[in-house]
4 protein chains.
Amino acid sequence: MSSSTPAPRRGNTRQRIQDVALELFAEQGYEKTSLREIAERLEVTKAALYYHFKTKEDILISLAEDLTRPLDELLEWGATQPRTLETKQEIMRRYGDALAGAAPLFRFMQENQATVRELRFGKDMKERMMAMVELVKEPEAELADQVRAVAALFSMHAGMFLLQNLDGSAEEKRAAVLEVALDLITQANSSKS
Amino acid sequence: MSSSTPAPRRGNTRQRIQDVALELFAEQGYEKTSLREIAERLEVTKAALYYHFKTKEDILISLAEDLTRPLDELLEWGATQPRTLETKQEIMRRYGDALAGAAPLFRFMQENQATVRELRFGKDMKERMMAMVELVKEPEAELADQVRAVAALFSMHAGMFLLQNLDGSAEEKRAAVLEVALDLITQANSSKS
Amino acid sequence: MSSSTPAPRRGNTRQRIQDVALELFAEQGYEKTSLREIAERLEVTKAALYYHFKTKEDILISLAEDLTRPLDELLEWGATQPRTLETKQEIMRRYGDALAGAAPLFRFMQENQATVRELRFGKDMKERMMAMVELVKEPEAELADQVRAVAALFSMHAGMFLLQNLDGSAEEKRAAVLEVALDLITQANSSKS
Amino acid sequence: MSSSTPAPRRGNTRQRIQDVALELFAEQGYEKTSLREIAERLEVTKAALYYHFKTKEDILISLAEDLTRPLDELLEWGATQPRTLETKQEIMRRYGDALAGAAPLFRFMQENQATVRELRFGKDMKERMMAMVELVKEPEAELADQVRAVAALFSMHAGMFLLQNLDGSAEEKRAAVLEVALDLITQANSSKS
DNA sequence: AATGAATGAGTTTTCATTCAT
DNA sequence: TATGAATGAAAACTCATTCAT
């Protein structure tokens with residue numbers, strides 16, 4: 001009603017909870033992070049968290065949705081495109097963007113699979129990955145090419161945490177990762193089966 | 001067949017604890033698995049666990065060591081070999097064997113990274129991976145080729161859990177994964193830098 | 001009389017915990033008293049104790065502070081007074097009052113020295129006693145007179161628990177103890193060194 | 001049968017247990033000292049302790065007896081002597097010797113009263129002290145003189161732990177303590193009632 | 001004279017969650 | 001939009017003790 005950027009400490013608590021929770025979950029894992037810790041860091045009481053989220057798991061789910069949404073959008077978009085090599089490459093590019101845009105979240109999901117798996121969309125997670133693979137491989141690809149498609153996707157994940165230790169600028173690295181991934185996709189799609 | 005007494009309870013309890021623990025940790029994650037659960041499944045008391053392991057974490061560590069050992073042996077072996085393409089390929093092959101030999105353990109480590117990271121050899125885990133990368137890439141490889149080396153290794157991990165859903169026999173799949181990995185290594189080492 | 005609900009459970013829980021804890025600690029010792037016991041006697045859950053005190057030790061510390069405070073006040077007061085015999089006698093009198101005012105606490109501290117010693121102010125306890133001794137003896141007193149000062153203080157402690165068995169009214173006994181203590185102080189300060 | 005000093009590591013385990021136990025009990029208190037700790041320091045197993053003592057408490061009792069014995073002997077001896085001032089002074093001297101001879105034990109008993117009290121001879125402990133008081137005071141002494149007798153005894157205890165911080169050689173200090181104690185006894189016995 | 005393996009009962013502590021205000 | 005006070009359930013861990021060998 002008044003200004004477009006609302007008062008800094010008003011109504012944004014829900015968001016702040018998510019931010020802090022993600023930070024702590026990512027740092028120490030979901031189970032090792034207690035609501036007390038989150039509340040303390042926010043300087044509110046635990047009970048306040050319950051005003052905004054029904055359970056601890058709900059916080060996690062709300063976070064996970066932020067991650068799944070762009071992924072699902074990408075899957076939807078991909079489904080409507082022609083199954084050309086160009087489309088596949090574009091999908092990989094967009095996948096890379098999605099990853100980069102939600103890096104900590106992605107990292108967290110990867111490092112807490114055991115937890116996330118139970119989360120009623122953990123199965124989904126795997127299914128989503130399989131759906132991605134479907135989108136970027138040839139329908140009747142032979143095994144090795146399927147593996148290449150999988151490898152392309154996972155290389156991008158791996159890029160997120162192992163490549164930190166390599167030298168080169170972040171952009172250079174992203175570019176290199178993408179290059180390799182696109183390469184793999186190209187190979188996977190060029191067999192004369 | 002021979003004895004009739006309920007359970008011989010020989011000197012194998014320590015081993016049995018490790019087995020059950022691995023099974024449960026892998027299934028539900030480390031933090032969600034309580035010592036009570038482990039003890040119950042073994043039909044001993046919690047206190048018995050503490051006779052064999054000083055803490056819960058100690059159980060995990062003892063398991064992790066079973067995983068790290070073959071990896072370290074491979075790293076040592078690799079360090080003594082000539083840095084030829086053949087060696088690198090052999091390293092990948094052996095890496096695949098190590099992975100297959102300790103599959104549940106590996107899977108567990110991957111799905112519980114957040115937990116394992118704290119474990120004083122979590123850092124090491126990353127370092128070990130970096131050391132592996134060093135072994136299979138060219139000393140002065142350009143970024144894309146470094147990424148290829150990383151991708152080769154991670155593809156093998158990915159193989160362990162995403163490929164379950166693909167069809168084909170286990171051996172076929174292992175072979176396909178290896179093929180792609182070797183391919184990547186070969187490419188990574190064939191740049192005319 | 002007024003309300004009919006089981007227990008008003010107002011904002012006095014913290015205080016009630018301290019009361020019950022002191023009672024039980026004094027009766028059975030700190031280590032032998034479990035939080036379960038305290039909680040049961042208060043008809044709250046163990047967790048409620050943890051709402052008010054971060055650890056069991058914290059309860060003990062909070063109690064100990066109630067004892068140390070008057071003592072420290074006395075030490076401060078003593079430090080500002082002229083070092084006359086009258087002052088010293090007044091210090092002893094006040095010391096006696098402090099003792100009487102916190103008798104169960106004092107008794108507890110005395111009977112649980114082994115525990116209290118670790119408590120980061122256990123050393124302090126001894127130091128405090130030494131500071132008291134400093135206040136009531138001559139600066140350059142010879143050994144025997146120093147001992148007399150010590151004896152004066154300790155007689156007052158002894159008075160608290162051994163004299164229970166003697167006959168005579170409580171006041172008579174307190175008076176007798178004080179008489180002896182003042183006597184000792186007087187002697188300790190009358191040597192023509 | 002063979003030599004008078006038996007083989008150093010033969011049959012003396014019981015004694016060694018007592019030594020270590022006393023040391024640890026004195027340092028950390030009885031309850032805080034676990035049998036595991038004692039066993040570890042002796043480099044035997046917990047079960048070995050049970051070969052020599054039926055329970056943990058038994059170890060404590062065996063220690064306590066070492067303390068009570070000289071005290072009881074002194075009480076007996078005192079009972080057979082004429083009730084003169086000289087006797088009383090001699091009792092104090094002997095009491096001082098007993099204290100010095102079993103210093104750590106005495107210290108321990110003092111710092112763990114809460115525990116020792118339950119020990120079926122804890123009551124006894126107090127009774128013993130009262131018996132000592134009886135021996136060194138006049139039968140019909142007035143209250144102040146009774147207090148003086150008590151103070152004399154307790155000064156000797158106090159001497160054991162507070163005087164550590166005073167300077168002067170150990171002998172000098174013992175002598176000073178004894179002087180004060182004898183003084184108090186003399187005063188206590190010189191009233192013209 | 002001692003050990004290896006285990007137990008039962010307990011301990012302190014932590015956590016997610018609730019609810020009246 | 002929150003808080004203060006509490007709970008129930010469970011966790012990890014410890015301890016004294018036992019007993020077959």
# chains A, B, ... in the order shown; residues from 1 in each chain; ligands from 1
$ interface_residues --of "chain C" --to "chain F" --cutoff "9 Å" --atoms "only C-alpha atoms (C1' of nucleotides)" --output "list in words"
Gly11, Val44, Thr45, Ala47, Ala48 and Tyr51 of chain C
$ calpha_fit_rmsd --fixed "chain C" --moving "chain A"
3.1 Å
$ interface_residues --of "chain D" --to "chain C" --cutoff "7 Å" --atoms "only C-alpha atoms" --output "NGL selection string"
:D and (28-29 or 31 or 111-115 or 143-144 or 147-148 or 151 or 154-155 or 158 or 176-177 or 180)
$ atom_distance --atom1 "CA of Leu182 in chain B" --atom2 "CA of Ala100 in chain A"
28.2 Å
$ interface_residues --of "chain E" --to "chain B" --cutoff "9 Å" --atoms "only C-alpha atoms (C1' of nucleotides)" --output "PyMOL selection string"
chain E and resi 5-8
$ write_last_selection --atoms "N, CA and C atoms (P, O5', C5', C4', C3', O3' and C1' of nucleotides)" --output "mmCIF file, in the first residue's frame"
data_model
loop_
_atom_site.group_PDB
_atom_site.id
_atom_site.type_symbol
_atom_site.label_atom_id
_atom_site.label_comp_id
_atom_site.auth_asym_id
_atom_site.auth_seq_id
_atom_site.Cartn_x
_atom_site.Cartn_y
_atom_site.Cartn_z
ATOM 1 P P DA E 5 35.924 -60.054 23.864
ATOM 2 O "O5'" DA E 5 34.511 -60.136 24.583
ATOM 3 C "C5'" DA E 5 33.806 -61.376 24.477
ATOM 4 C "C4'" DA E 5 32.508 -61.223 25.195
ATOM 5 C "C3'" DA E 5 31.624 -60.118 24.594
ATOM 6 O "O3'" DA E 5 30.378 -60.712 24.283
ATOM 7 C "C1'" DA E 5 31.757 -59.912 26.940
ATOM 8 P P DA E 6 29.408 -59.956 23.372
ATOM 9 O "O5'" DA E 6 28.432 -59.368 24.476
ATOM 10 C "C5'" DA E 6 27.727 -60.344 25.232
ATOM 11 C "C4'" DA E 6 27.289 -59.773 26.535
ATOM 12 C "C3'" DA E 6 26.280 -58.640 26.433
ATOM 13 O "O3'" DA E 6 24.969 -59.221 26.460
ATOM 14 C "C1'" DA E 6 27.745 -58.468 28.327
ATOM 15 P P DT E 7 23.748 -58.317 26.277
ATOM 16 O "O5'" DT E 7 23.401 -57.981 27.796
ATOM 17 C "C5'" DT E 7 23.325 -59.063 28.733
ATOM 18 C "C4'" DT E 7 22.919 -58.508 30.082
ATOM 19 C "C3'" DT E 7 21.751 -57.545 29.981
ATOM 20 O "O3'" DT E 7 20.876 -57.841 31.050
ATOM 21 C "C1'" DT E 7 23.565 -56.476 31.044
ATOM 22 P P DG E 8 19.293 -57.770 30.788
ATOM 23 O "O5'" DG E 8 18.964 -56.725 31.941
ATOM 24 C "C5'" DG E 8 19.545 -56.946 33.222
ATOM 25 C "C4'" DG E 8 19.340 -55.740 34.108
ATOM 26 C "C3'" DG E 8 18.106 -54.917 33.786
ATOM 27 O "O3'" DG E 8 17.680 -54.391 35.026
ATOM 28 C "C1'" DG E 8 20.005 -53.571 33.474
#
$ atom_distance --atom1 "CA of Gln15 in chain A" --atom2 "CA of Phe121 in chain A"
22.0 Å
$ residues_around --residues "Ala79 in chain B" --least-positions-apart "2" --cutoff "10 Å" --atoms "only C-alpha atoms (C1' of nucleotides)" --output "PDB file with C-alpha atoms, in the first residue's frame"
ATOM      1  CA  GLU B  73      45.738 -48.169  -1.645  1.00  0.00           C
ATOM      2  CA  LEU B  74      44.694 -47.222  -5.116  1.00  0.00           C
ATOM      3  CA  LEU B  75      46.102 -43.732  -4.663  1.00  0.00           C
ATOM      4  CA  GLU B  76      49.393 -45.165  -3.472  1.00  0.00           C
ATOM      5  CA  TRP B  77      49.573 -47.622  -6.299  1.00  0.00           C
ATOM      6  CA  GLN B  81      53.081 -45.973 -11.791  1.00  0.00           C
ATOM      7  CA  PRO B  82      54.256 -44.214 -14.930  1.00  0.00           C
ATOM      8  CA  ARG B  83      51.845 -41.461 -15.878  1.00  0.00           C
ATOM      9  CA  ALA B 131      44.222 -36.674  -5.597  1.00  0.00           C
ATOM     10  CA  MET B 132      42.408 -39.117  -7.845  1.00  0.00           C
ATOM     11  CA  GLU B 134      45.449 -35.461 -10.268  1.00  0.00           C
ATOM     12  CA  LEU B 135      46.322 -39.013 -11.121  1.00  0.00           C
TER      13      LEU B 135
END
$ residues_around --residues "range 58-62 of chain B" --least-positions-apart "4" --cutoff "8 Å" --atoms "only C-alpha atoms (C1' of nucleotides)" --output "ChimeraX atom specification"
/B:18,21,53-54,66,119
$ write_last_selection --atoms "all heavy atoms" --output "mmCIF file, in the first residue's frame"
data_model
loop_
_atom_site.group_PDB
_atom_site.id
_atom_site.type_symbol
_atom_site.label_atom_id
_atom_site.label_comp_id
_atom_site.auth_asym_id
_atom_site.auth_seq_id
_atom_site.Cartn_x
_atom_site.Cartn_y
_atom_site.Cartn_z
ATOM 1 N N GLN B 18 28.948 -53.789 12.981
ATOM 2 C CA GLN B 18 29.282 -53.025 11.782
ATOM 3 C C GLN B 18 28.323 -53.337 10.633
ATOM 4 O O GLN B 18 27.853 -52.430 9.943
ATOM 5 C CB GLN B 18 30.720 -53.316 11.355
ATOM 6 C CG GLN B 18 31.752 -52.670 12.270
ATOM 7 C CD GLN B 18 33.172 -53.064 11.904
ATOM 8 O OE1 GLN B 18 33.450 -54.253 11.678
ATOM 9 N NE2 GLN B 18 34.070 -52.094 11.862
ATOM 10 N N ALA B 21 24.892 -51.904 11.412
ATOM 11 C CA ALA B 21 24.964 -50.439 11.391
ATOM 12 C C ALA B 21 25.004 -49.940 9.956
ATOM 13 O O ALA B 21 24.268 -49.022 9.591
ATOM 14 C CB ALA B 21 26.195 -49.957 12.157
ATOM 15 N N PHE B 53 32.416 -50.264 20.780
ATOM 16 C CA PHE B 53 32.735 -48.959 20.179
ATOM 17 C C PHE B 53 32.520 -47.865 21.210
ATOM 18 O O PHE B 53 31.498 -47.857 21.876
ATOM 19 C CB PHE B 53 31.856 -48.692 18.957
ATOM 20 C CG PHE B 53 32.094 -49.650 17.825
ATOM 21 C CD1 PHE B 53 31.338 -50.812 17.723
ATOM 22 C CD2 PHE B 53 33.093 -49.409 16.893
ATOM 23 C CE1 PHE B 53 31.562 -51.717 16.688
ATOM 24 C CE2 PHE B 53 33.328 -50.300 15.858
ATOM 25 C CZ PHE B 53 32.566 -51.466 15.761
ATOM 26 N N LYS B 54 33.463 -46.980 21.283
ATOM 27 C CA LYS B 54 33.378 -45.971 22.322
ATOM 28 C C LYS B 54 32.227 -44.989 22.124
ATOM 29 O O LYS B 54 31.661 -44.480 23.092
ATOM 30 C CB LYS B 54 34.700 -45.209 22.453
ATOM 31 C CG LYS B 54 35.529 -45.686 23.653
ATOM 32 C CD LYS B 54 36.837 -44.933 23.781
ATOM 33 C CE LYS B 54 36.650 -43.419 23.649
ATOM 34 N NZ LYS B 54 37.809 -42.647 24.146
ATOM 35 N N ASP B 66 36.827 -48.702 6.235
ATOM 36 C CA ASP B 66 36.736 -49.803 5.268
ATOM 37 C C ASP B 66 36.617 -49.281 3.846
ATOM 38 O O ASP B 66 36.970 -49.963 2.884
ATOM 39 C CB ASP B 66 35.509 -50.675 5.574
ATOM 40 C CG ASP B 66 35.749 -51.532 6.801
ATOM 41 O OD1 ASP B 66 36.860 -51.455 7.367
ATOM 42 O OD2 ASP B 66 34.837 -52.269 7.187
ATOM 43 N N LEU B 119 33.574 -35.526 9.915
ATOM 44 C CA LEU B 119 34.147 -36.707 10.553
ATOM 45 C C LEU B 119 35.660 -36.790 10.567
ATOM 46 O O LEU B 119 36.222 -37.848 10.729
ATOM 47 C CB LEU B 119 33.600 -37.963 9.877
ATOM 48 C CG LEU B 119 33.083 -39.011 10.841
ATOM 49 C CD1 LEU B 119 32.091 -38.396 11.783
ATOM 50 C CD2 LEU B 119 32.522 -40.195 10.107
#
$ select_by_dssp --residues "range 122-189 of chain A" --states "alpha helix (DSSP H)" --output "PyMOL selection string"
chain A and resi 122-136+143-161+170-188
$ atom_distance --atom1 "CA of Glu23 in chain A" --atom2 "CA of Met125 in chain A"
21.0 Å
$ decode --residues "range 73-162 of chain B" --atoms "C-alpha atoms" --output "PDB file, in the first residue's frame"
ATOM      1  CA  GLU B  73      45.738 -48.169  -1.645  1.00  0.00           C
ATOM      2  CA  LEU B  74      44.694 -47.222  -5.116  1.00  0.00           C
ATOM      3  CA  LEU B  75      46.102 -43.732  -4.663  1.00  0.00           C
ATOM      4  CA  GLU B  76      49.393 -45.165  -3.472  1.00  0.00           C
ATOM      5  CA  TRP B  77      49.573 -47.622  -6.299  1.00  0.00           C
ATOM      6  CA  GLY B  78      48.798 -44.924  -8.803  1.00  0.00           C
ATOM      7  CA  ALA B  79      51.538 -42.704  -7.465  1.00  0.00           C
ATOM      8  CA  THR B  80      54.175 -45.343  -8.230  1.00  0.00           C
ATOM      9  CA  GLN B  81      53.081 -45.973 -11.791  1.00  0.00           C
ATOM     10  CA  PRO B  82      54.256 -44.214 -14.930  1.00  0.00           C
ATOM     11  CA  ARG B  83      51.845 -41.461 -15.878  1.00  0.00           C
ATOM     12  CA  THR B  84      50.768 -43.063 -19.131  1.00  0.00           C
ATOM     13  CA  LEU B  85      47.313 -43.237 -20.561  1.00  0.00           C
ATOM     14  CA  GLU B  86      47.315 -46.967 -19.920  1.00  0.00           C
ATOM     15  CA  THR B  87      47.989 -46.403 -16.247  1.00  0.00           C
ATOM     16  CA  LYS B  88      45.200 -43.882 -16.054  1.00  0.00           C
ATOM     17  CA  GLN B  89      42.793 -46.271 -17.639  1.00  0.00           C
ATOM     18  CA  GLU B  90      43.880 -48.987 -15.269  1.00  0.00           C
ATOM     19  CA  ILE B  91      43.293 -46.623 -12.368  1.00  0.00           C
ATOM     20  CA  MET B  92      39.764 -46.029 -13.549  1.00  0.00           C
ATOM     21  CA  ARG B  93      39.193 -49.731 -13.859  1.00  0.00           C
ATOM     22  CA  ARG B  94      40.426 -50.333 -10.356  1.00  0.00           C
ATOM     23  CA  TYR B  95      38.402 -47.434  -9.096  1.00  0.00           C
ATOM     24  CA  GLY B  96      35.356 -49.066 -10.557  1.00  0.00           C
ATOM     25  CA  ASP B  97      36.235 -52.297  -8.811  1.00  0.00           C
ATOM     26  CA  ALA B  98      36.723 -50.552  -5.492  1.00  0.00           C
ATOM     27  CA  LEU B  99      33.358 -48.877  -5.905  1.00  0.00           C
ATOM     28  CA  ALA B 100      31.637 -52.109  -6.769  1.00  0.00           C
ATOM     29  CA  GLY B 101      33.327 -53.886  -3.882  1.00  0.00           C
ATOM     30  CA  ALA B 102      32.089 -51.416  -1.312  1.00  0.00           C
ATOM     31  CA  ALA B 103      28.936 -50.311  -3.013  1.00  0.00           C
ATOM     32  CA  PRO B 104      26.582 -49.878  -0.046  1.00  0.00           C
ATOM     33  CA  LEU B 105      29.268 -48.116   1.884  1.00  0.00           C
ATOM     34  CA  PHE B 106      29.950 -45.781  -0.975  1.00  0.00           C
ATOM     35  CA  ARG B 107      26.348 -45.079  -1.465  1.00  0.00           C
ATOM     36  CA  PHE B 108      26.004 -44.318   2.168  1.00  0.00           C
ATOM     37  CA  MET B 109      28.934 -41.936   2.156  1.00  0.00           C
ATOM     38  CA  GLN B 110      27.456 -40.128  -0.777  1.00  0.00           C
ATOM     39  CA  GLU B 111      24.035 -39.786   0.714  1.00  0.00           C
ATOM     40  CA  ASN B 112      25.309 -38.654   4.074  1.00  0.00           C
ATOM     41  CA  GLN B 113      27.964 -36.213   3.072  1.00  0.00           C
ATOM     42  CA  ALA B 114      26.687 -33.588   5.441  1.00  0.00           C
ATOM     43  CA  THR B 115      27.345 -35.951   8.303  1.00  0.00           C
ATOM     44  CA  VAL B 116      30.525 -37.456   7.035  1.00  0.00           C
ATOM     45  CA  ARG B 117      32.036 -34.088   6.310  1.00  0.00           C
ATOM     46  CA  GLU B 118      32.511 -33.378  10.019  1.00  0.00           C
ATOM     47  CA  LEU B 119      34.147 -36.707  10.553  1.00  0.00           C
ATOM     48  CA  ARG B 120      37.783 -35.707  10.438  1.00  0.00           C
ATOM     49  CA  PHE B 121      38.478 -37.254   7.076  1.00  0.00           C
ATOM     50  CA  GLY B 122      35.532 -35.613   5.449  1.00  0.00           C
ATOM     51  CA  LYS B 123      37.897 -32.941   4.273  1.00  0.00           C
ATOM     52  CA  ASP B 124      40.137 -35.849   3.465  1.00  0.00           C
ATOM     53  CA  MET B 125      37.398 -37.320   1.324  1.00  0.00           C
ATOM     54  CA  LYS B 126      37.445 -34.290  -0.891  1.00  0.00           C
ATOM     55  CA  GLU B 127      41.227 -34.305  -0.880  1.00  0.00           C
ATOM     56  CA  ARG B 128      41.237 -37.918  -1.846  1.00  0.00           C
ATOM     57  CA  MET B 129      38.986 -37.153  -4.774  1.00  0.00           C
ATOM     58  CA  MET B 130      41.257 -34.335  -5.821  1.00  0.00           C
ATOM     59  CA  ALA B 131      44.222 -36.674  -5.597  1.00  0.00           C
ATOM     60  CA  MET B 132      42.408 -39.117  -7.845  1.00  0.00           C
ATOM     61  CA  VAL B 133      41.773 -36.346 -10.315  1.00  0.00           C
ATOM     62  CA  GLU B 134      45.449 -35.461 -10.268  1.00  0.00           C
ATOM     63  CA  LEU B 135      46.322 -39.013 -11.121  1.00  0.00           C
ATOM     64  CA  VAL B 136      44.125 -39.256 -14.175  1.00  0.00           C
ATOM     65  CA  LYS B 137      44.569 -35.866 -15.767  1.00  0.00           C
ATOM     66  CA  GLU B 138      47.491 -34.307 -17.556  1.00  0.00           C
ATOM     67  CA  PRO B 139      49.666 -32.140 -15.295  1.00  0.00           C
ATOM     68  CA  GLU B 140      48.999 -28.989 -17.273  1.00  0.00           C
ATOM     69  CA  ALA B 141      45.616 -29.890 -18.658  1.00  0.00           C
ATOM     70  CA  GLU B 142      43.341 -27.077 -19.624  1.00  0.00           C
ATOM     71  CA  LEU B 143      40.197 -26.512 -17.645  1.00  0.00           C
ATOM     72  CA  ALA B 144      37.841 -28.477 -19.869  1.00  0.00           C
ATOM     73  CA  ASP B 145      40.085 -31.493 -19.626  1.00  0.00           C
ATOM     74  CA  GLN B 146      40.259 -31.214 -15.902  1.00  0.00           C
ATOM     75  CA  VAL B 147      36.522 -31.174 -15.854  1.00  0.00           C
ATOM     76  CA  ARG B 148      36.550 -34.252 -18.034  1.00  0.00           C
ATOM     77  CA  ALA B 149      38.688 -36.055 -15.486  1.00  0.00           C
ATOM     78  CA  VAL B 150      36.333 -35.039 -12.728  1.00  0.00           C
ATOM     79  CA  ALA B 151      33.366 -36.078 -14.809  1.00  0.00           C
ATOM     80  CA  ALA B 152      34.915 -39.470 -15.449  1.00  0.00           C
ATOM     81  CA  LEU B 153      35.190 -40.164 -11.751  1.00  0.00           C
ATOM     82  CA  PHE B 154      31.776 -38.837 -10.888  1.00  0.00           C
ATOM     83  CA  SER B 155      30.118 -40.716 -13.633  1.00  0.00           C
ATOM     84  CA  MET B 156      31.187 -43.842 -11.905  1.00  0.00           C
ATOM     85  CA  HIS B 157      29.531 -42.655  -8.720  1.00  0.00           C
ATOM     86  CA  ALA B 158      26.424 -41.648 -10.534  1.00  0.00           C
ATOM     87  CA  GLY B 159      26.391 -45.040 -12.089  1.00  0.00           C
ATOM     88  CA  MET B 160      25.941 -46.504  -8.680  1.00  0.00           C
ATOM     89  CA  PHE B 161      22.609 -45.057  -7.931  1.00  0.00           C
ATOM     90  CA  LEU B 162      20.943 -43.510 -10.923  1.00  0.00           C
TER      91      LEU B 162
END
